[in-house]
>>> print(open('work_16.cif').read())   # mmCIF, C-alpha atoms and all ligand atoms
data_coords
#
loop_
_atom_site.group_PDB
_atom_site.id
_atom_site.type_symbol
_atom_site.label_atom_id
_atom_site.label_comp_id
_atom_site.auth_asym_id
_atom_site.auth_seq_id
_atom_site.Cartn_x
_atom_site.Cartn_y
_atom_site.Cartn_z
ATOM 1 C CA MET P 6 -20.683 -34.769 117.340
ATOM 2 C CA THR P 7 -21.577 -37.334 120.030
ATOM 3 C CA VAL P 8 -18.961 -38.185 122.632
ATOM 4 C CA HIS P 9 -18.759 -41.972 122.632
ATOM 5 C CA VAL P 10 -17.906 -43.643 125.910
ATOM 6 C CA HIS P 11 -16.008 -46.910 125.718
ATOM 7 C CA THR P 12 -15.678 -48.996 128.872
ATOM 8 C CA SER P 13 -12.487 -50.732 129.939
ATOM 9 C CA LEU P 14 -12.868 -53.698 132.271
ATOM 10 C CA ARG P 15 -10.038 -55.447 134.121
ATOM 11 C CA HIS P 16 -10.366 -59.098 135.064
ATOM 12 C CA PRO P 17 -8.306 -61.037 137.605
ATOM 13 C CA LEU P 18 -5.517 -62.905 135.799
ATOM 14 C CA VAL P 19 -6.296 -66.612 135.937
ATOM 15 C CA PHE P 20 -4.218 -69.390 134.366
ATOM 16 C CA ARG P 21 -6.070 -72.504 133.397
ATOM 17 C CA THR P 22 -5.438 -75.903 131.925
ATOM 18 C CA LEU P 23 -8.004 -76.603 129.230
ATOM 19 C CA GLU P 24 -8.961 -79.897 127.699
ATOM 20 C CA VAL P 25 -9.871 -80.359 124.049
ATOM 21 C CA ARG P 26 -13.440 -81.616 123.807
ATOM 22 C CA ARG P 27 -14.108 -81.405 120.061
ATOM 23 C CA VAL P 28 -12.442 -80.225 116.874
ATOM 24 C CA GLN P 29 -14.070 -79.194 113.626
ATOM 25 C CA THR P 30 -12.705 -78.113 110.264
ATOM 26 C CA LEU P 31 -14.649 -74.936 109.483
ATOM 27 C CA THR P 32 -12.966 -74.112 106.173
ATOM 28 C CA PRO P 33 -9.678 -75.214 104.542
ATOM 29 C CA ARG P 34 -7.712 -72.630 106.587
ATOM 30 C CA MET P 35 -9.724 -72.487 109.833
ATOM 31 C CA ARG P 36 -9.931 -75.171 112.537
ATOM 32 C CA ARG P 37 -12.320 -74.827 115.457
ATOM 33 C CA VAL P 38 -11.311 -76.277 118.818
ATOM 34 C CA VAL P 39 -13.832 -76.495 121.644
ATOM 35 C CA PHE P 40 -12.236 -76.638 125.089
ATOM 36 C CA GLY P 41 -13.681 -77.690 128.423
ATOM 37 C CA GLY P 42 -12.412 -78.871 131.792
ATOM 38 C CA ASP P 43 -12.983 -78.000 135.431
ATOM 39 C CA GLU P 44 -10.534 -75.074 135.326
ATOM 40 C CA LEU P 45 -12.604 -73.317 132.651
ATOM 41 C CA ARG P 46 -15.283 -72.564 135.251
ATOM 42 C CA GLY P 47 -15.417 -68.870 136.084
ATOM 43 C CA PHE P 48 -14.013 -67.835 132.689
ATOM 44 C CA ILE P 49 -15.009 -64.279 131.707
ATOM 45 C CA SER P 50 -14.880 -62.679 128.284
ATOM 46 C CA ALA P 51 -16.876 -59.471 127.968
ATOM 47 C CA ALA P 52 -15.875 -58.029 124.583
ATOM 48 C CA PRO P 53 -15.832 -59.604 121.113
ATOM 49 C CA ASP P 54 -12.182 -58.689 120.515
ATOM 50 C CA ASP P 55 -10.921 -60.007 123.852
ATOM 51 C CA HIS P 56 -7.954 -62.326 123.743
ATOM 52 C CA VAL P 57 -6.542 -65.140 125.799
ATOM 53 C CA LYS P 58 -2.919 -66.223 125.919
ATOM 54 C CA LEU P 59 -2.698 -69.869 124.943
ATOM 55 C CA PHE P 60 0.303 -71.921 126.087
ATOM 56 C CA PHE P 61 1.256 -74.855 123.882
ATOM 57 C CA PRO P 62 3.040 -78.063 124.966
ATOM 58 C CA ASN P 63 6.856 -77.837 124.848
ATOM 59 C CA ALA P 64 9.144 -80.422 123.198
ATOM 60 C CA ARG P 65 8.471 -82.859 126.087
ATOM 61 C CA GLY P 66 4.726 -82.361 125.744
ATOM 62 C CA ALA P 67 4.500 -80.345 128.983
ATOM 63 C CA ILE P 68 2.849 -76.974 129.545
ATOM 64 C CA VAL P 69 5.428 -74.811 131.325
ATOM 65 C CA ARG P 70 4.390 -71.251 132.083
ATOM 66 C CA PRO P 71 6.713 -68.538 133.333
ATOM 67 C CA ALA P 72 6.103 -67.230 136.847
ATOM 68 C CA ILE P 73 4.530 -63.778 136.944
ATOM 69 C CA GLY P 74 6.647 -61.229 138.799
ATOM 70 C CA PRO P 75 5.881 -57.581 139.565
ATOM 71 C CA ASN P 76 7.294 -56.612 136.148
ATOM 72 C CA GLY P 77 5.654 -59.356 134.104
ATOM 73 C CA PRO P 78 6.661 -62.927 133.216
ATOM 74 C CA VAL P 79 9.879 -64.256 134.767
ATOM 75 C CA HIS P 80 11.803 -66.746 132.598
ATOM 76 C CA ALA P 81 14.384 -68.868 134.421
ATOM 77 C CA PRO P 82 17.423 -69.832 132.314
ATOM 78 C CA GLY P 83 17.512 -73.352 130.884
ATOM 79 C CA VAL P 84 13.765 -73.968 131.139
ATOM 80 C CA ASP P 85 11.897 -75.095 128.010
ATOM 81 C CA TYR P 86 8.874 -72.821 128.346
ATOM 82 C CA SER P 87 5.665 -73.299 126.418
ATOM 83 C CA GLN P 88 5.218 -71.041 123.414
ATOM 84 C CA MET P 89 2.474 -68.509 124.029
ATOM 85 C CA ARG P 90 0.150 -66.911 121.437
ATOM 86 C CA ASP P 91 -2.931 -64.672 121.498
ATOM 87 C CA TYR P 92 -6.328 -66.041 120.485
ATOM 88 C CA THR P 93 -9.911 -64.752 120.508
ATOM 89 C CA PRO P 94 -12.533 -66.474 122.647
ATOM 90 C CA ARG P 95 -14.891 -67.029 119.713
ATOM 91 C CA HIS P 96 -17.675 -68.308 121.944
ATOM 92 C CA HIS P 97 -18.014 -69.054 125.634
ATOM 93 C CA ASP P 98 -20.906 -71.131 126.908
ATOM 94 C CA ALA P 99 -20.841 -71.016 130.706
ATOM 95 C CA ASP P 100 -23.721 -73.489 131.039
ATOM 96 C CA ALA P 101 -22.011 -76.123 128.918
ATOM 97 C CA ASN P 102 -18.614 -75.046 130.337
ATOM 98 C CA GLU P 103 -17.158 -74.749 126.829
ATOM 99 C CA LEU P 104 -14.831 -72.266 125.173
ATOM 100 C CA THR P 105 -14.537 -72.164 121.387
ATOM 101 C CA VAL P 106 -11.379 -70.929 119.667
ATOM 102 C CA ASP P 107 -10.938 -70.745 115.884
ATOM 103 C CA PHE P 108 -7.351 -71.217 114.667
ATOM 104 C CA VAL P 109 -6.081 -70.078 111.272
ATOM 105 C CA LEU P 110 -4.003 -72.867 109.726
ATOM 106 C CA HIS P 111 -1.395 -70.600 108.169
ATOM 107 C CA GLY P 112 1.409 -73.179 108.063
ATOM 108 C CA ASP P 113 4.359 -73.019 110.454
ATOM 109 C CA GLY P 114 4.191 -71.809 114.028
ATOM 110 C CA PRO P 115 3.573 -73.541 117.351
ATOM 111 C CA ALA P 116 -0.065 -72.446 117.516
ATOM 112 C CA ALA P 117 -1.070 -73.276 113.945
ATOM 113 C CA SER P 118 0.816 -76.600 114.099
ATOM 114 C CA TRP P 119 -0.818 -77.521 117.386
ATOM 115 C CA ALA P 120 -4.282 -76.665 116.064
ATOM 116 C CA ALA P 121 -3.737 -78.750 112.933
ATOM 117 C CA GLN P 122 -3.136 -81.887 115.036
ATOM 118 C CA ALA P 123 -5.495 -81.121 117.975
ATOM 119 C CA THR P 124 -7.547 -84.082 119.143
ATOM 120 C CA PRO P 125 -10.010 -84.586 122.003
ATOM 121 C CA GLY P 126 -8.366 -85.295 125.339
ATOM 122 C CA GLN P 127 -5.275 -83.120 124.739
ATOM 123 C CA THR P 128 -4.574 -80.225 127.083
ATOM 124 C CA ILE P 129 -3.156 -76.713 126.693
ATOM 125 C CA GLY P 130 -2.737 -73.730 129.024
ATOM 126 C CA ALA P 131 -4.685 -70.476 128.877
ATOM 127 C CA GLY P 132 -4.300 -67.150 130.633
ATOM 128 C CA GLY P 133 -6.761 -64.280 130.685
ATOM 129 C CA PRO P 134 -8.489 -62.364 129.276
ATOM 130 C CA ARG P 135 -6.918 -59.715 131.516
ATOM 131 C CA GLY P 136 -9.243 -57.034 130.266
ATOM 132 C CA SER P 137 -12.019 -56.155 127.866
ATOM 133 C CA MET P 138 -12.778 -52.960 126.014
ATOM 134 C CA LEU P 139 -16.493 -52.556 125.490
ATOM 135 C CA VAL P 140 -16.926 -50.281 122.502
ATOM 136 C CA ALA P 141 -19.734 -47.752 122.921
ATOM 137 C CA ASP P 142 -23.027 -49.099 121.645
ATOM 138 C CA ASP P 143 -24.283 -45.748 120.348
ATOM 139 C CA PHE P 144 -22.625 -45.752 116.922
ATOM 140 C CA ASP P 145 -24.923 -46.083 113.908
ATOM 141 C CA THR P 146 -22.424 -48.227 112.007
ATOM 142 C CA TYR P 147 -19.674 -50.634 113.015
ATOM 143 C CA ALA P 148 -17.136 -50.975 110.205
ATOM 144 C CA MET P 149 -14.700 -53.886 110.434
ATOM 145 C CA PHE P 150 -11.649 -54.519 108.286
ATOM 146 C CA GLY P 151 -9.727 -57.713 108.986
ATOM 147 C CA ASP P 152 -7.888 -60.697 107.616
ATOM 148 C CA GLU P 153 -8.764 -64.283 108.524
ATOM 149 C CA THR P 154 -7.244 -63.990 112.014
ATOM 150 C CA ALA P 155 -9.851 -61.301 112.729
ATOM 151 C CA LEU P 156 -12.758 -63.536 111.685
ATOM 152 C CA PRO P 157 -13.360 -64.963 115.190
ATOM 153 C CA ALA P 158 -13.686 -61.454 116.669
ATOM 154 C CA ILE P 159 -15.758 -60.225 113.724
ATOM 155 C CA GLY P 160 -18.055 -63.250 113.901
ATOM 156 C CA ARG P 161 -18.568 -62.782 117.620
ATOM 157 C CA TRP P 162 -19.182 -59.050 117.281
ATOM 158 C CA LEU P 163 -21.723 -59.555 114.500
ATOM 159 C CA GLU P 164 -23.609 -62.063 116.642
ATOM 160 C CA ALA P 165 -23.744 -59.504 119.455
ATOM 161 C CA LEU P 166 -24.864 -56.485 117.416
ATOM 162 C CA PRO P 167 -28.573 -55.742 117.807
ATOM 163 C CA ALA P 168 -31.121 -55.044 115.109
ATOM 164 C CA GLY P 169 -31.104 -51.404 114.087
ATOM 165 C CA LYS P 170 -27.321 -51.160 113.815
ATOM 166 C CA ARG P 171 -25.439 -51.332 110.544
ATOM 167 C CA ALA P 172 -22.300 -53.441 110.066
ATOM 168 C CA GLU P 173 -19.966 -52.873 107.120
ATOM 169 C CA VAL P 174 -17.478 -55.727 107.070
ATOM 170 C CA PHE P 175 -14.511 -56.451 104.787
ATOM 171 C CA VAL P 176 -12.560 -59.677 105.282
ATOM 172 C CA ASP P 177 -9.367 -60.622 103.424
ATOM 173 C CA ILE P 178 -9.258 -64.444 103.164
ATOM 174 C CA PRO P 179 -7.080 -66.986 101.343
ATOM 175 C CA GLU P 180 -9.753 -68.183 98.911
ATOM 176 C CA ARG P 181 -13.490 -68.503 98.342
ATOM 177 C CA ALA P 182 -13.660 -71.776 100.280
ATOM 178 C CA ASP P 183 -12.577 -69.872 103.412
ATOM 179 C CA ARG P 184 -15.777 -67.828 103.537
ATOM 180 C CA GLN P 185 -17.857 -68.466 106.647
ATOM 181 C CA THR P 186 -21.525 -67.986 107.321
ATOM 182 C CA LEU P 187 -21.735 -64.996 109.666
ATOM 183 C CA ALA P 188 -24.992 -64.408 111.493
ATOM 184 C CA SER P 189 -26.185 -61.014 112.707
ATOM 185 C CA ARG P 190 -29.380 -59.224 113.629
ATOM 186 C CA ALA P 191 -27.715 -56.019 112.409
ATOM 187 C CA ASP P 192 -28.049 -54.740 108.864
ATOM 188 C CA LEU P 193 -24.972 -56.576 107.576
ATOM 189 C CA HIS P 194 -23.019 -55.531 104.479
ATOM 190 C CA LEU P 195 -20.288 -58.127 104.097
ATOM 191 C CA THR P 196 -17.554 -58.161 101.453
ATOM 192 C CA TRP P 197 -15.189 -61.102 101.099
ATOM 193 C CA LEU P 198 -11.827 -60.220 99.579
ATOM 194 C CA GLU P 199 -10.102 -63.369 98.263
ATOM 195 C CA ARG P 200 -6.332 -63.456 97.766
ATOM 196 C CA ASP P 201 -6.394 -66.625 95.653
ATOM 197 C CA GLY P 202 -2.931 -67.850 96.549
ATOM 198 C CA GLY P 203 -1.432 -64.471 97.483
ATOM 199 C CA GLU P 204 0.406 -63.908 100.788
ATOM 200 C CA ALA P 205 -1.698 -62.414 103.580
ATOM 201 C CA SER P 206 1.044 -59.907 104.441
ATOM 202 C CA ALA P 207 1.393 -58.741 100.820
ATOM 203 C CA SER P 208 -2.312 -58.445 100.090
ATOM 204 C CA ARG P 209 -3.607 -54.919 99.529
ATOM 205 C CA ARG P 210 -7.251 -55.909 99.206
ATOM 206 C CA LEU P 211 -8.357 -54.445 102.526
ATOM 207 C CA GLU P 212 -6.432 -51.225 101.897
ATOM 208 C CA LEU P 213 -8.026 -50.814 98.462
ATOM 209 C CA ALA P 214 -11.478 -51.610 99.839
ATOM 210 C CA LEU P 215 -10.994 -49.054 102.598
ATOM 211 C CA ALA P 216 -9.848 -46.389 100.105
ATOM 212 C CA ALA P 217 -12.903 -47.002 97.912
ATOM 213 C CA TRP P 218 -15.366 -47.158 100.828
ATOM 214 C CA THR P 219 -17.614 -44.296 101.839
ATOM 215 C CA PRO P 220 -18.916 -44.472 105.399
ATOM 216 C CA PRO P 221 -22.710 -44.377 105.511
ATOM 217 C CA PRO P 222 -24.476 -41.355 107.037
ATOM 218 C CA GLY P 223 -24.366 -41.213 110.833
ATOM 219 C CA GLU P 224 -21.528 -42.097 113.177
ATOM 220 C CA THR P 225 -19.206 -44.995 112.473
ATOM 221 C CA PHE P 226 -16.831 -46.974 114.660
ATOM 222 C CA HIS P 227 -13.865 -48.387 112.705
ATOM 223 C CA TRP P 228 -12.239 -51.649 113.811
ATOM 224 C CA ILE P 229 -9.142 -52.985 112.067
ATOM 225 C CA ALA P 230 -7.178 -56.186 112.732
ATOM 226 C CA ALA P 231 -4.717 -57.872 110.392
ATOM 227 C CA GLU P 232 -0.965 -58.206 109.881
ATOM 228 C CA SER P 233 0.733 -55.428 111.899
ATOM 229 C CA ALA P 234 2.153 -53.264 109.082
ATOM 230 C CA ARG P 235 -1.142 -53.451 107.195
ATOM 231 C CA THR P 236 -3.069 -52.541 110.338
ATOM 232 C CA ARG P 237 -0.877 -49.484 110.937
ATOM 233 C CA SER P 238 -1.292 -48.203 107.393
ATOM 234 C CA MET P 239 -5.073 -48.693 107.457
ATOM 235 C CA ARG P 240 -5.349 -46.930 110.795
ATOM 236 C CA GLN P 241 -3.388 -44.036 109.318
ATOM 237 C CA ALA P 242 -5.698 -43.942 106.286
ATOM 238 C CA VAL P 243 -8.751 -43.762 108.565
ATOM 239 C CA ILE P 244 -7.234 -41.015 110.732
ATOM 240 C CA GLU P 245 -6.317 -39.015 107.596
ATOM 241 C CA ARG P 246 -10.020 -38.942 106.750
ATOM 242 C CA GLY P 247 -10.527 -36.928 109.903
ATOM 243 C CA VAL P 248 -11.945 -39.788 111.985
ATOM 244 C CA PRO P 249 -11.388 -39.024 115.692
ATOM 245 C CA ASN P 250 -9.247 -41.417 117.728
ATOM 246 C CA ASP P 251 -12.179 -42.613 119.802
ATOM 247 C CA CYS P 252 -13.909 -43.857 116.647
ATOM 248 C CA VAL P 253 -11.149 -46.253 115.612
ATOM 249 C CA LYS P 254 -9.437 -49.263 117.141
ATOM 250 C CA ALA P 255 -6.674 -50.969 115.184
ATOM 251 C CA THR P 256 -4.677 -53.956 116.440
ATOM 252 C CA GLY P 257 -1.876 -55.846 114.716
ATOM 253 C CA TYR P 258 -2.824 -59.519 115.048
ATOM 254 C CA TRP P 259 0.460 -60.959 113.744
ATOM 255 C CA LYS P 260 3.804 -59.820 112.331
ATOM 256 C CA ALA P 261 5.070 -60.967 108.950
ATOM 257 C CA GLY P 262 8.370 -62.790 109.359
ATOM 258 C CA ALA P 263 8.321 -62.626 113.165
HETATM 259 C C1 LIG P 301 -5.724 -59.893 120.065
HETATM 260 C C2 LIG P 301 -5.405 -61.028 119.100
HETATM 261 C C3 LIG P 301 -6.358 -61.980 118.799
HETATM 262 C C4 LIG P 301 -6.081 -63.002 117.892
HETATM 263 N N1 LIG P 301 -7.030 -63.951 117.621
HETATM 264 C C5 LIG P 301 -6.752 -64.954 116.751
HETATM 265 C C6 LIG P 301 -7.722 -65.985 116.496
HETATM 266 O O1 LIG P 301 -8.788 -66.043 117.107
HETATM 267 N N2 LIG P 301 -7.405 -66.932 115.579
HETATM 268 C C7 LIG P 301 -6.197 -66.940 114.913
HETATM 269 O O2 LIG P 301 -5.970 -67.825 114.101
HETATM 270 N N3 LIG P 301 -5.269 -65.995 115.155
HETATM 271 C C8 LIG P 301 -5.512 -65.019 116.059
HETATM 272 N N4 LIG P 301 -4.555 -64.079 116.333
HETATM 273 C C9 LIG P 301 -3.299 -64.131 115.568
HETATM 274 C C10 LIG P 301 -2.319 -65.153 116.124
HETATM 275 O O3 LIG P 301 -1.992 -64.830 117.471
HETATM 276 C C11 LIG P 301 -1.026 -65.106 115.244
HETATM 277 O O4 LIG P 301 -1.318 -65.443 113.920
HETATM 278 C C12 LIG P 301 0.086 -65.974 115.800
HETATM 279 O O5 LIG P 301 1.309 -65.454 115.343
HETATM 280 C C13 LIG P 301 -0.018 -67.430 115.384
HETATM 281 O O6 LIG P 301 1.014 -68.134 116.058
HETATM 282 P P1 LIG P 301 1.811 -69.343 115.392
HETATM 283 O O7 LIG P 301 2.527 -70.007 116.512
HETATM 284 O O8 LIG P 301 0.890 -70.171 114.551
HETATM 285 O O9 LIG P 301 2.841 -68.654 114.396
HETATM 286 P P2 LIG P 301 4.138 -67.784 114.804
HETATM 287 O O10 LIG P 301 5.166 -68.653 115.443
HETATM 288 O O11 LIG P 301 3.703 -66.609 115.573
HETATM 289 O O12 LIG P 301 4.661 -67.331 113.384
HETATM 290 C C14 LIG P 301 5.343 -68.240 112.495
HETATM 291 C C15 LIG P 301 5.420 -67.613 111.102
HETATM 292 O O13 LIG P 301 4.102 -67.538 110.570
HETATM 293 C C16 LIG P 301 3.765 -66.204 110.261
HETATM 294 N N5 LIG P 301 2.340 -66.020 110.621
HETATM 295 C C17 LIG P 301 1.799 -65.903 111.859
HETATM 296 N N6 LIG P 301 0.462 -65.793 111.767
HETATM 297 C C18 LIG P 301 0.175 -65.825 110.447
HETATM 298 C C19 LIG P 301 -1.033 -65.751 109.707
HETATM 299 N N7 LIG P 301 -2.223 -65.646 110.295
HETATM 300 N N8 LIG P 301 -0.968 -65.832 108.356
HETATM 301 C C20 LIG P 301 0.217 -65.961 107.725
HETATM 302 N N9 LIG P 301 1.400 -66.036 108.373
HETATM 303 C C21 LIG P 301 1.380 -65.979 109.708
HETATM 304 C C22 LIG P 301 4.713 -65.324 111.070
HETATM 305 O O14 LIG P 301 4.954 -64.114 110.407
HETATM 306 C C23 LIG P 301 5.969 -66.187 111.116
HETATM 307 O O15 LIG P 301 6.733 -66.019 109.947
HETATM 308 C C24 LIG P 301 -4.807 -63.056 117.247
HETATM 309 C C25 LIG P 301 -3.839 -62.101 117.588
HETATM 310 C C26 LIG P 301 -4.124 -61.098 118.494
HETATM 311 C C27 LIG P 301 -3.055 -60.075 118.826
#
>>> encode(input="work_16.cif", output="structure tokens", more="lines below")
Ligand SMILES: Cc1cc2nc3c(=O)[nH]c(=O)nc-3n(C[C@H](O)[C@H](O)[C@H](O)COP(=O)(O)OP(=O)(O)OC[C@H]3O[C@@H](n4cnc5c(N)ncnc54)[C@H](O)[C@@H]3O)c2cc1C
Amino acid sequence: MTVHVHTSLRHPLVFRTLEVRRVQTLTPRMRRVVFGGDELRGFISAAPDDHVKLFFPNARGAIVRPAIGPNGPVHAPGVDYSQMRDYTPRHHDADANELTVDFVLHGDGPAASWAAQATPGQTIGAGGPRGSMLVADDFDTYAMFGDETALPAIGRWLEALPAGKRAEVFVDIPERADRQTLASRADLHLTWLERDGGEASASRRLELALAAWTPPPGETFHWIAAESARTRSMRQAVIERGVPNDCVKATGYWKAGA
């Protein structure tokens, strides 16, 4: 069996203020926000599943970030800090100095609420990415299992995959109208799993699809991102098939009820 070498990159931690340039409704549950601004210059994102920390305006409309101490963020008492959430750099265009982020409109939450009302000219804060993991490019197949929060990373990864690779992709989405057009030069096998009103955390569509799925011949990298408990159980299911640890990456993208 081939030993696959993944590459971890560290980037200097940079905090930026970003300005909303454009917004676009992609599907009923996904809003695209394109950011720009002088502080975006020098932005680096090397891997499709990178993330940035976005800082949203507090109750007074200000972006207030904690100081970073030797042991991480330092929160002073009595300060109304900005809420911070993780988002995928869906696309970065250095020439146009633009960063695209796709937000799931899941209802409540500082990030989803901000995205729902975002308009050009508004500003938010962004930190990172602090690092990137470049998955080895010598797998025959890249299998991806994710809910709608994983769509930005999946879309970006599919755009980056070259011809000659195979992509087997399963995406759990709210309803048919939330399907997106995903472009790839790879041999793409895409399955949309629609919950039709069901809760994302209670859906078992990805789990059932994974159980029924047979990896194609050759070597497969497995990537999983969805609600945390679902992600854990799918990772376990993959490992129980005898897949080595270096052929799977599973990340909880959000926590039900948290
Ligand atoms: C590495 C990484 C990359 C990510 N990339 C993206 C991305 O590109 N686009 C994106 O939309 N999200 C992405 N996420 C997920 C996003 O960070 C979470 O969904 C986040 O919790 C949203 O924050 P919020 O302020 O809207 O809601 P929160 O305040 O965090 O949560 C409020 C309530 O909503 C629930 N909730 C949170 N997210 C969801 C959801 N998606 N569906 C249903 N209920 C939910 C929570 O359980 C809680 O009950 C990513 C997460 C990680 C870890």
>>> atom_distance(input="work_16.cif", atom1="CA of Ile178 in chain P", atom2="CA of Tyr147 in chain P")
19.9 Å
>>> resolve_selection(input="work_16.cif", expression="the PyMOL selection byres (((chain P and resi 52) around 9) and not hetatm)", output="list in words")
Ser50, Ala51, Pro53, Asp54, Asp55, Gly136, Ser137, Met138, Leu139, Val140, Ala158, Arg161 and Trp162 of chain P
>>> residues_around(input="work_16.cif", residues="Arg34 in chain P", least_positions_apart="6", cutoff="7 Å", atoms="all atoms listed in the file", output="NGL selection string")
:P and (109-111 or 183)
>>> atom_distance(input="work_16.cif", atom1="CA of Ala64 in chain P", atom2="CA of Thr93 in chain P")
24.8 Å
>>> closest_atom_pairs(input="work_16.cif", of="chain P", to="ligand LIG 301 (chain P)", cutoff="7 Å", atoms="all atoms listed in the file", output="tab-separated table")
residue	atom	partner	partner_atom	distance
P:Asp54	CA	P:LIG301	C1	6.6
P:Asp55	CA	P:LIG301	C1	6.4
P:His56	CA	P:LIG301	C1	4.9
P:Arg90	CA	P:LIG301	O3	5.0
P:Asp91	CA	P:LIG301	O3	4.1
P:Tyr92	CA	P:LIG301	N1	3.6
P:Thr93	CA	P:LIG301	O1	3.8
P:Pro94	CA	P:LIG301	O1	6.7
P:Arg95	CA	P:LIG301	O1	6.7
P:Val106	CA	P:LIG301	O1	6.1
P:Asp107	CA	P:LIG301	N2	5.2
P:Phe108	CA	P:LIG301	O2	3.7
P:Val109	CA	P:LIG301	O2	3.6
P:Leu110	CA	P:LIG301	O2	7.0
P:His111	CA	P:LIG301	N8	4.8
P:Gly112	CA	P:LIG301	O13	6.7
P:Asp113	CA	P:LIG301	C14	5.3
P:Gly114	CA	P:LIG301	O9	3.5
P:Pro115	CA	P:LIG301	O7	3.8
P:Ala116	CA	P:LIG301	O7	3.7
P:Ala117	CA	P:LIG301	O8	3.7
P:Ser118	CA	P:LIG301	O8	6.4
P:Glu153	CA	P:LIG301	N7	6.9
P:Thr154	CA	P:LIG301	N3	4.2
P:Ala155	CA	P:LIG301	N1	6.2
P:Pro157	CA	P:LIG301	O1	5.1
P:Ala158	CA	P:LIG301	O1	6.7
P:Ala205	CA	P:LIG301	C20	5.8
P:Ser206	CA	P:LIG301	C20	6.9
P:Thr256	CA	P:LIG301	C27	6.8
P:Gly257	CA	P:LIG301	C27	6.0
P:Tyr258	CA	P:LIG301	C25	3.8
P:Trp259	CA	P:LIG301	C11	4.7
P:Lys260	CA	P:LIG301	O14	4.8
P:Ala261	CA	P:LIG301	O14	3.5
P:Gly262	CA	P:LIG301	O15	3.7
P:Ala263	CA	P:LIG301	O14	4.6
>>> residues_around(input="work_16.cif", residues="Gln88 in chain P", least_positions_apart="6", cutoff="8 Å", atoms="all atoms listed in the file", output="PyMOL selection string")
chain P and resi 60-63+115
>>> closest_residue(input="work_16.cif", among="P:Glu24, P:Gln127, P:Ala165, P:His11", to="Lys254 in chain P", atoms="only C-alpha atoms")
P:His11
>>> atom_distance(input="work_16.cif", atom1="CA of Ile159 in chain P", atom2="CA of Val25 in chain P")
23.4 Å
>>> resolve_selection(input="work_16.cif", expression="the PyMOL selection byres (((chain P and resi 237-253) around 8) and not hetatm)", output="list in words")
His9, Glu212, Leu215, Ala216, Thr225, Phe226, His227, Trp228, Ile229, Ser233, Ala234, Arg235, Thr236, Lys254, Ala255 and Gly257 of chain P
>>> resolve_selection(input="work_16.cif", expression="the PyMOL selection byres (((chain P and resi 168) around 6) and not hetatm)", output="JSON list (two decimals) with C-alpha atoms, in the coordinates of the input")
[["chain", "number", "residue", "atom", "x", "y", "z"],
["P", 167, "PRO", "CA", -28.57, -55.74, 117.81],
["P", 169, "GLY", "CA", -31.10, -51.40, 114.09],
["P", 170, "LYS", "CA", -27.32, -51.16, 113.82],
["P", 190, "ARG", "CA", -29.38, -59.22, 113.63],
["P", 191, "ALA", "CA", -27.72, -56.02, 112.41]]
>>> closest_residue(input="work_16.cif", among="P:Ile68, P:Met149, P:Val174, P:Met6", to="Thr22 in chain P", atoms="only C-alpha atoms")
P:Ile68
>>> residues_around(input="work_16.cif", residues="Pro17 in chain P", least_positions_apart="2", cutoff="10 Å", atoms="only C-alpha atoms", output="list in words")
Arg15, Val19, Phe20, Ile49, Gly133, Pro134, Arg135 and Gly136 of chain P
>>> write_last_selection(input="work_16.cif", atoms="C-alpha atoms", output="PDB file, in the coordinates of the input")
ATOM      1  CA  ARG P  15     -10.038 -55.447 134.121  1.00  0.00           C
ATOM      2  CA  VAL P  19      -6.296 -66.612 135.937  1.00  0.00           C
ATOM      3  CA  PHE P  20      -4.218 -69.390 134.366  1.00  0.00           C
ATOM      4  CA  ILE P  49     -15.009 -64.279 131.707  1.00  0.00           C
ATOM      5  CA  GLY P 133      -6.761 -64.280 130.685  1.00  0.00           C
ATOM      6  CA  PRO P 134      -8.489 -62.364 129.276  1.00  0.00           C
ATOM      7  CA  ARG P 135      -6.918 -59.715 131.516  1.00  0.00           C
ATOM      8  CA  GLY P 136      -9.243 -57.034 130.266  1.00  0.00           C
TER       9      GLY P 136
END
>>> closest_residue(input="work_16.cif", among="P:Gln29, P:Asn76, P:Thr196, P:Gln185", to="Ala121 in chain P", atoms="only C-alpha atoms")
P:Gln29
>>> closest_residue(input="work_16.cif", among="P:Asp98, P:Thr30, P:Val84, P:Ala188", to="Ala120 in chain P", atoms="only C-alpha atoms")
P:Thr30
